[in-house]
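*Asks:* Sending over a structure as structure tokens; questions will come in a sec.
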Amino acid sequence: MLPTLRQLSYLKLLAENGSFGRAAEAAHVTQPTLSAGIQELERTLGASVVDRARSGVILTPVGQEALRRATSILMEAEELVEAAKNAGQPLTGRFRLGVIPTIAPYLLPRALPALRERYPKLRLYLREDLTQRLLTALKAGQLDAALIALPFDMAGLASAHVADDELLAAAPPNHPWAQSETVAPSQIDAQDLILLEDGHCLRDHVLHACGISPPKAMQEEEHFAATSLPTIVQMVGSGLGVTFLPAMAVNAGLADTAPIVVRPLAADRPSREIVVVWRAGSSRAAEGRLLAEVFKQS
């Protein structure tokens with residue numbers, strides 16, 4: 001006898017909610033029904049999957065391994081249902097897309113109207129977050145695809161190219177850069193850089209593309225940093241330092257919100273690559289490519 005999907009879903013809900021009562025509520029069943037399902041799972045596996053304690057439930061080692069496999073099995077089953085529903089009708093029904101903050105405000109306003117017009121039956125759920133958290137959610141089956149920037153670790157993922165997004169130098173109007181048509185990497189003093197805080201991939205893209213090593217102050221977190229590009233633009237406009245902005249954001253009007261000048265870099269067009277990514281082998285791969293085509297044309 002094999003575990004059923006219902007039993008595996010009960011285990012997953014139990015791990016997520018920490019008690020039989022809350023798990024039963026989330027499963028829309030009675031507590032005795034959920035408890036019986038877990039007991040049947042334990043008989044099938046021949047081992048306990050949870051330890052019942054006064055403070056709640058704790059997964060046993062067998063339970064932890066069962067949960068890991070159950071998560072993958074349930075994710076595949078859900079994808080099977082979605083694929084069957086959408087057979088012959090790509091991008092219909094629910095699609096969960098993650099987008100990083102340095103792309104979402106600048107690409108989506110142009111792309112979403114075209115996406116709605118082309119695929120009117122699509123129910124798009126958007127989640128904006130940092131790259132690492134989006135990819136963790138993607139691999140856990142909580143997202144169907146993500147719109148991110150490379151380079152980044154792509155192990156276990158596949159992708160479709162959207163665009164190469166040039167990185168541009170930005171400084172206050174009275175900065176020496178303002179008198180030049182281009183900025184050479186040798187003109188950049190890393191101590192003056194204002195970058196996004198650690199965790200934003202654009203920070204690493206800038207340092208890598210411009211061949212800049214993080215200075216000691218940056219390594220010790222004793223430097224200016226921001227949580228968003230609009231904040232960085234305001235800091236640069238106030239004369240606190242210089243930065244680099246993606247051309248996508250500049251073209252969307254970000255540089256017009258503060259007194260700054262923007263100049264191209266006198267280098268091999270340093271840029272980041274915008275891509276749509278999905279789990280390797282996912283049934284949503286064709287839809288990921290279709291999304292990339294819409295974004296590419298926007």
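The chains in the structure tokens are called A, B, ... from first to last as shown; in each chain the residues are counted from 1, and the ligands are counted from 1 in the order shown.
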Enumerate as number ranges by chain all residues of segment 139-266 of chain A assigned to alpha helix (DSSP H) by DSSP on the backbone, naming them with the chain letters and numbers the document uses.
*Replies:* A: 139, 201-209, 216-219, 229-237, 247-251
*Asks:* Could you take the residues named above and write them with C-alpha atoms, as a compact mmCIF listing (two decimals), in the first residue's frame?
*Replies:*
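To be explicit, this is the file written out as out.txt:
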```txt
# COMPACT_ATOMS: atom_id res chain seq x y z
CA LYS A 139 12.06 25.41 -6.16
CA CYS A 201 21.53 41.06 -6.87
CA LEU A 202 21.95 44.45 -8.61
CA ARG A 203 24.57 45.34 -5.99
CA ASP A 204 26.69 42.34 -7.05
CA HIS A 205 26.02 42.95 -10.74
CA VAL A 206 27.37 46.51 -10.45
CA LEU A 207 30.54 45.49 -8.64
CA HIS A 208 31.17 42.60 -11.02
CA ALA A 209 30.39 44.46 -14.24
CA LYS A 216 36.80 47.75 3.52
CA ALA A 217 34.05 50.15 4.56
CA MET A 218 31.58 48.29 2.39
CA GLN A 219 32.60 44.94 3.85
CA LEU A 229 16.43 52.41 -6.39
CA PRO A 230 14.20 55.47 -5.80
CA THR A 231 15.89 55.96 -2.42
CA ILE A 232 19.33 55.70 -4.01
CA VAL A 233 18.39 58.32 -6.62
CA GLN A 234 17.32 60.73 -3.88
CA MET A 235 20.57 60.12 -1.95
CA VAL A 236 22.67 60.78 -5.07
CA GLY A 237 20.61 63.89 -5.86
CA ALA A 247 18.90 51.57 -18.16
CA MET A 248 15.45 49.98 -17.78
CA ALA A 249 14.80 52.15 -14.73
CA VAL A 250 16.28 55.29 -16.30
CA ASN A 251 14.13 54.87 -19.42
```
*Asks:* Which residues, written as a list in words, have at least one atom at most 12 Å from Gln142 of chain A, with only C-alpha atoms counted and residues fewer than 2 positions away on the same chain left out?
*Replies:*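 What passes the distance filter is Thr71, Ser72, Leu74, Met75, Glu76, Glu78, Glu79, Phe95, Arg96, Leu97, Gly98, Tyr125, Leu126, Arg127, Arg133, Leu134, Leu135, Thr136, Ala137, Leu138, Lys139, Ala140, Asp144, Ala145, Ala146, Trp278 and Arg279 of chain A.
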*Asks:* When you count only C-alpha atoms, which of these residues is closest to Glu82 of chain A: A:Ala47, A:Ser186, A:Arg94, A:Gly56?
*Replies:*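 With only C-alpha atoms as the atom set, the closest residue is A:Arg94.
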*Asks:* Taking only C-alpha atoms into account, which of A:Thr182, A:Gln39, A:Gln89, A:Gln64 comes nearest Ala286 of chain A?
*Replies:*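 For Ala286 of chain A, the nearest of the candidates is A:Gln89.
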*Asks:* Point out the residue among A:Val262, A:Leu2, A:Val81, A:Val294 with the least atom-to-atom distance to Glu117 of chain A, counting only C-alpha atoms.
*Replies:* A:Val294
*Asks:* Assign secondary structure with DSSP using the backbone only, and return the residues of segment 75-294 of chain A in strand (DSSP E) as an NGL selection string.
*Replies:* :A and (93-99 or 122-128 or 145-150 or 157-171 or 195-196 or 225-226 or 243-246 or 261-263 or 271-279)
*Asks:* Between atom CA of Ala184 of chain A and atom CA of Ile103 of chain A, what is the spacing in Å?
*Replies:*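 Between atom CA of Ile103 of chain A and atom CA of Ala184 of chain A the gap works out to 25.6 Å.
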*Asks:* Quick check, in Å to one decimal: how far apart do atom CA of Thr227 of chain A and atom CA of Glu166 of chain A lie?
*Replies:*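 Those two atoms sit 20.6 Å apart.
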*Asks:* Point out the residue among A:Asn17, A:Ser48, A:Gln132, A:Ser228 with the least atom-to-atom distance to Glu197 of chain A, counting only C-alpha atoms.
*Replies:*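 Once distances to Glu197 of chain A are computed over only C-alpha atoms, the minimum belongs to A:Ser228.
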*Asks:* Just the number, please: distance in Å from atom CA of Phe244 of chain A to atom CA of Pro151 of chain A, one decimal.
*Replies:* 16.7 Å
